[in-house]
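> This is the structure I want to talk about, given as structure tokens.
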Protein chains: 2
Amino acid sequence: MNNFIYCTPTKVIFGREIEPQIGPTLKKYGATRVLIHYGGGSVKKTGLFDKVTASLDSAGLSWVELGGVEPNPKLSFIHQGIELCRKEKVDFILAVGGGSVIDSSKAIGVGLATGNDPWQYASTGTHPEDDQVFPVGVVLTLAAAGSEMSNSDVITNDLVTPWVKQGITSETVRPIVAFMNPENTFTVSKFQTGCGIVDIMMHTMERYFLGTPDCDLTERLAEGLLIAVRDAGRRAIADPNDYEARATLMWASSLSHNDLTGCGKPRYFPVHKLEHPVSALHDRVSHGAGLSVLFPAWAKFILERDIDVMKFAQLANRVWGVEMNYDHPERTAAQGIETMKAYFHEIGMPVTLAELGLKPEDYEAIINLTTKNGTATVKSYLPLGKEEIRAIYKLAE
Amino acid sequence: MNNFIYCTPTKVIFGREIEPQIGPTLKKYGATRVLIHYGGGSVKKTGLFDKVTASLDSAGLSWVELGGVEPNPKLSFIHQGIELCRKEKVDFILAVGGGSVIDSSKAIGVGLATGNDPWQYASTGTHPEDDQVFPVGVVLTLAAAGSEMSNSDVITNDLVTPWVKQGITSETVRPIVAFMNPENTFTVSKFQTGCGIVDIMMHTMERYFLGTPDCDLTERLAEGLLIAVRDAGRRAIADPNDYEARATLMWASSLSHNDLTGCGKPRYFPVHKLEHPVSALHDRVSHGAGLSVLFPAWAKFILERDIDVMKFAQLANRVWGVEMNYDHPERTAAQGIETMKAYFHEIGMPVTLAELGLKPEDYEAIINLTTKNGTATVKSYLPLGKEEIRAIYKLAE
């Protein structure tokens with residue numbers, strides 16, 4: 001087990017009918033003028049927006065709004081947000097939405113707190129100073145990215161060609177408070193629910209592998225979370241209004257990415273690094289769908305090289321219910337990947353690049369972006385350069 | 001699943017050779033003059049005390065010390081601590097020890113932050129105002145109570161006869177930082193290690209039962225934690241210097257009591273409420289040993305009344321490896337309790353009142369204290385009054 005630091009101060013207010021607490025809570029955090037940041041406007045159709053503003057109004061907080069955040073939030077729009085907040089003297093950003101809205105809010109916060117372009121940090125892997133924090137709160141409407149409790153912020157630079165998707169990892173972007181009412185996810189489509197399930201599982205599984213050999217507690221927690229998500233996922237797809245299933249997915253989204261499931265392990269996230277260039281170049285590709293195609297292929301690629309077989313077999317056995325073959329754990333491991341793929345299909349997720357709408361002639365451009373034209377590799381059990389990524393794509397066809 | 005609030009801001013710095021970070025970290029939190037609070041002096045023998053003071057010194061922080069905290073920390077001694085801190089103008093309390101030292105530190109902090117006797121809160125179930133916080137840090141030397149990351153503080157009033165043991169539950173007593181080096185628990189005796197294992201399991205199991213029916217994620221996490229503790233417990237008892245086992249126990253102690261394993265569930269802790277009067281009247285009884293006797297008896301008492309059988313059977317199956325008997329889940333449940341008792345014995349823990357050194361003639365005084373002479377009951381599946389507690393004791397003989 002590696003040394004680690006764990007600190008997740010985000011206050012989670014979870015459950016039914018919690019919206020009236022939004023205004024008073026933000027006031028406690030010193031908010032006076034709030035930016036309500038949201039996406040395509042479904043929050044207005046569902047009535048959530050009105051609940052939020054009613055709570056802010058009754059707490060005596062003024063607010064401005066900025067809707068229109070797109071999936072894979074864009075730098076150009078983040079710049080608009082920073083400008084608006086400066087002009088309107090906003091002192092608190094409230095993200096009402098899912099991962100894209102939260103990440104857009106976080107990036108606006110970085111711009112306001114540092115006076116710098118947030119891309120400066122995303123592009124260089126640097127991060128703001130500890131005290132350069134702008135308060136961001138979340139009213140969550142999608143169980144997926146876990147951004148509501150994480151120190152991650154992923155944005156897409158649409159001011160360069162080709163677009164580039166990069167992340168800022170910093171304690172300064174961890175939200176101060178998250179309001180999580182599972183009922184606010186009842187209207188999420190089956191496809192987006194599936195993408196969320198995959199994203200939650202991936203945040204857990206990306207931490208599960210590439211670890212030191214002895215991290216039993218962290219792995220047991222990860223497995224428990226994966227089992228709960230597996231079962232709740234099926235239920236939420238079958239009945240979108242299943243409160244308990246939606247609640248499990250929502251809380252799991254936070255726990256899968258607040259670092260609980262990574263304590264004592266390194267943080268590489270190779271499959272995320274393979275996926276980001278895909279959705280950067282093909283904006284219509286949902287992050288979760290990209291992951292559900294690439295993770296099984298990556299796992300097969302690693303297993304073909306006889307690496308960490310027992311860990312893959314352990315996951316297959318404990319989470320995917322495959323009987324352990326102690327003489328041939330590689331068979332257990334392989335069967336686990338097939339069971340996982342079958343599960344992804346069952347919840348409506350793609351498992352091939354073709355299902356994702358990508359053609360072989362699209363590959364090379366993505367691989368070039370992933371490897372910076374062959375000058376960089378993705379850190380994994382072995383470094384993934386052009387050749388290795390081509391092999392992974394082959395396994396994902 | 002019930003609504004819940006989850007907020008665990010304690011910063012955990014975990015692993016080997018972390019002691020040099022103590023001084024600089026406390027300085028960041030604004031400390032200038034630190035009370036080093038500790039127990040019987042083993043921290044001086046092991047050299048930990050010197051590492052702590054070296055780190056404070058090199059960060060330019062001055063300090064005073066107060067050793068001598070006893071198990072079941074006493075109010076009279078807490079009063080001395082409050083007086084010393086006032087006289088010495090201490091602005092940060094650093095607990096170097098286990099649960100008793102931490103709880104003594106927290107109570108001193110309550111006294112300093114509120115200007116009131118901490119017993120005022122413990123005795124009435126009230127708590128300080130949100131902003132009445134005195135910063136407490138922890139250098140942990142015992143994996144057991146989980147107080148290093150919890151909002152609990154249990155103290156014993158030795159200024160009344162008979163002594164009374166009560167808790168304060170408040171966010172104001174959650175430590176600001178915990179330094180957790182598993183090597184600092186290598187010297188813990190087998191018996192105290194066993195007590196710790198039981199305490200960790202109990203903090204998890206007390207939350208596991210009496211819940212709403214649908215808390216799958218929370219239960220899966222609890223089960224994962226229990227399995228990891230079960231296995232690490234065996235290893236730590238067999239080899240006290242097994243770093244990975246000690247690390248698992250240490251991190252589990254925090255996670256078992258920071259509320260992660262209770263999200264969406266009510267908080268009753270009936271077995272703790274049965275145990276506190278035992279160790280209040282019989283000061284030599286270790287909290288963990290008291291729990292390992294009373295929990296199985298409480299569980300049997302509940303099962304005999306056909307209550308929540310499937311939940312007990314689920315735990316037996318998933319954690320204690322008992323095959324599920326779907327026709328007779330009560331048999332699965334009962335076998336689970338026996339397996340747990342065998343495990344407690346295996347790690348050197350008592351499972352009967354006699355092993356605890358209590359005689360039948362001792363019972364009535366404890367039962368009177370537990371029930372305030374028959375005027376109060378302990379909240380459980382059914383209220384536990386004198387008669388019910390006598391029945392539980394009978395099952396613990």
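Here, A, B, ... name the chains of the structure tokens in the order displayed, residue numbers run from 1 inside each chain, and ligands are numbered from 1 in the same displayed order.
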Per residue of chain B within 10 Å of chain A, which atom pair is closest and at what distance in Å (one decimal), using only C-alpha atoms, listed by chain and increasing number, as CSV?

```
residue,atom,partner,partner_atom,distance
B:Met1,CA,A:Glu244,CA,6.8
B:Asn2,CA,A:Gly15,CA,7.1
B:Asn3,CA,A:Gly15,CA,4.3
B:Phe4,CA,A:Phe14,CA,5.2
B:Ile5,CA,A:Ile13,CA,4.7
B:Tyr6,CA,A:Val12,CA,5.0
B:Cys7,CA,A:Lys11,CA,4.6
B:Thr8,CA,A:Pro9,CA,5.7
B:Pro9,CA,A:Pro9,CA,3.8
B:Thr10,CA,A:Cys7,CA,6.2
B:Lys11,CA,A:Cys7,CA,4.6
B:Val12,CA,A:Tyr6,CA,5.0
B:Ile13,CA,A:Ile5,CA,4.7
B:Phe14,CA,A:Phe4,CA,5.2
B:Gly15,CA,A:Asn3,CA,4.3
B:Arg16,CA,A:Asn3,CA,6.6
B:Glu17,CA,A:Asn3,CA,9.2
B:Ile18,CA,A:Asn3,CA,8.7
B:Val177,CA,A:Cys7,CA,9.1
B:Ala178,CA,A:Tyr6,CA,9.9
B:Phe179,CA,A:Ile5,CA,9.5
B:Met180,CA,A:Asn3,CA,9.7
B:Asn181,CA,A:Asn3,CA,9.0
B:Asp214,CA,A:Glu244,CA,6.6
B:Cys215,CA,A:Glu244,CA,7.7
B:Asp216,CA,A:Ala228,CA,6.1
B:Leu217,CA,A:Ala228,CA,5.2
B:Thr218,CA,A:Leu225,CA,8.5
B:Glu219,CA,A:Gly224,CA,8.3
B:Arg220,CA,A:Gly224,CA,4.6
B:Leu221,CA,A:Gly224,CA,5.2
B:Ala222,CA,A:Leu221,CA,8.0
B:Glu223,CA,A:Gly224,CA,7.5
B:Gly224,CA,A:Arg220,CA,4.6
B:Leu225,CA,A:Leu217,CA,6.2
B:Leu226,CA,A:Leu217,CA,9.0
B:Ile227,CA,A:Arg220,CA,7.6
B:Ala228,CA,A:Leu217,CA,5.2
B:Val229,CA,A:Leu217,CA,7.7
B:Asp231,CA,A:Asp216,CA,9.1
B:Ala232,CA,A:Asp216,CA,8.6
B:Tyr243,CA,A:Met1,CA,8.9
B:Glu244,CA,A:Asp214,CA,6.6
B:Ala245,CA,A:Asp216,CA,9.0
B:Ala247,CA,A:Met1,CA,8.0
B:Thr248,CA,A:Leu217,CA,5.9
B:Leu249,CA,A:Leu217,CA,8.7
B:Trp251,CA,A:Leu217,CA,8.2
B:Ala252,CA,A:Leu217,CA,7.4
B:Leu255,CA,A:Leu260,CA,9.6
B:Leu260,CA,A:Leu255,CA,9.6
B:Cys263,CA,A:Phe14,CA,9.3
B:Gly264,CA,A:Phe14,CA,8.6
```
> Report as a PyMOL selection string: the residues of range 94-330 of chain B with a DSSP assignment of strand (DSSP E or B), based on the backbone of this structure.
chain B and resi 94-97+136-140+152-157+164-169+177-180
> Filtering to N, CA and C atoms, could you give me those residues as a short mmCIF file (atom, residue, chain, number, x, y, z; two decimals), in the first residue's frame?

```cif
data_model
loop_
_atom_site.label_atom_id
_atom_site.label_comp_id
_atom_site.auth_asym_id
_atom_site.auth_seq_id
_atom_site.Cartn_x
_atom_site.Cartn_y
_atom_site.Cartn_z
N LEU B 94 -2.88 18.49 20.03
CA LEU B 94 -2.44 17.34 19.23
C LEU B 94 -2.54 16.09 20.10
N ALA B 95 -3.49 15.24 19.79
CA ALA B 95 -3.65 13.97 20.51
C ALA B 95 -2.65 12.97 19.92
N VAL B 96 -1.76 12.44 20.76
CA VAL B 96 -0.84 11.40 20.29
C VAL B 96 -1.24 10.13 21.03
N GLY B 97 -2.04 9.29 20.38
CA GLY B 97 -2.53 8.10 21.06
C GLY B 97 -3.70 7.49 20.34
N VAL B 136 -8.30 20.32 16.78
CA VAL B 136 -7.68 19.13 17.35
C VAL B 136 -7.09 18.30 16.20
N GLY B 137 -5.84 17.91 16.37
CA GLY B 137 -5.20 17.00 15.42
C GLY B 137 -4.85 15.70 16.12
N VAL B 138 -4.55 14.67 15.33
CA VAL B 138 -4.31 13.34 15.91
C VAL B 138 -3.06 12.72 15.29
N VAL B 139 -2.21 12.15 16.15
CA VAL B 139 -1.17 11.22 15.67
C VAL B 139 -1.59 9.87 16.23
N LEU B 140 -2.11 9.03 15.36
CA LEU B 140 -2.81 7.82 15.81
C LEU B 140 -1.84 6.68 16.15
N SER B 152 -17.71 11.93 17.14
CA SER B 152 -18.08 11.41 18.46
C SER B 152 -17.00 11.73 19.48
N ASP B 153 -17.42 11.86 20.70
CA ASP B 153 -16.50 12.11 21.82
C ASP B 153 -17.13 11.49 23.06
N VAL B 154 -16.54 10.42 23.56
CA VAL B 154 -17.12 9.71 24.71
C VAL B 154 -16.23 9.92 25.94
N ILE B 155 -16.82 10.43 27.01
CA ILE B 155 -16.06 10.69 28.23
C ILE B 155 -16.78 10.10 29.44
N THR B 156 -16.01 9.92 30.51
CA THR B 156 -16.56 9.34 31.74
C THR B 156 -16.53 10.38 32.86
N ASN B 157 -17.69 10.61 33.44
CA ASN B 157 -17.77 11.56 34.55
C ASN B 157 -17.41 10.82 35.84
N VAL B 164 -20.44 7.88 35.26
CA VAL B 164 -21.31 7.78 34.08
C VAL B 164 -20.49 8.06 32.83
N LYS B 165 -20.72 7.25 31.81
CA LYS B 165 -19.99 7.39 30.54
C LYS B 165 -20.99 7.85 29.48
N GLN B 166 -20.74 8.99 28.85
CA GLN B 166 -21.67 9.54 27.87
C GLN B 166 -20.92 10.17 26.71
N GLY B 167 -21.61 10.35 25.61
CA GLY B 167 -20.96 10.90 24.43
C GLY B 167 -21.52 12.23 23.98
N ILE B 168 -20.64 13.01 23.32
CA ILE B 168 -21.07 14.21 22.60
C ILE B 168 -20.98 13.86 21.12
N THR B 169 -22.05 14.11 20.38
CA THR B 169 -21.99 13.92 18.92
C THR B 169 -22.16 15.27 18.27
N VAL B 177 -7.13 17.18 11.35
CA VAL B 177 -6.11 16.41 10.62
C VAL B 177 -5.74 15.18 11.43
N ALA B 178 -5.44 14.08 10.73
CA ALA B 178 -5.00 12.85 11.40
C ALA B 178 -3.77 12.31 10.68
N PHE B 179 -2.70 12.11 11.44
CA PHE B 179 -1.47 11.52 10.91
C PHE B 179 -1.48 10.04 11.26
N MET B 180 -1.52 9.20 10.24
CA MET B 180 -1.73 7.77 10.50
C MET B 180 -0.61 6.95 9.88
#
```
> Which distance in Å separates CA of Val351 in chain B and CA of Thr193 in chain B, to one decimal?
15.9 Å
> Env of Ile389 in chain A: 10 Å cut, atoms = only C-alpha atoms, seq-sep filter 4 positions within chain, self excluded. Answer as a ChimeraX atom specification.
/A:274,297-298,301,363-364,366-367,370-371,377-378,383-385,393-395
> Go through range 159-295 of chain A and collect every residue that DSSP, computed from the backbone, puts in helix (DSSP H, G or I); the answer should be as an MDAnalysis selection string.
chainID A and resid 171:173 182:185 190:208 216:238 243:255 260:262 270:281 287:295
> Of the residues A:Pro240, A:Arg390, A:Lys265, A:Asp91, which is the one nearest to Gly211 in chain A, using only C-alpha atoms?
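Closest to Gly211 in chain A of all the choices is A:Lys265.
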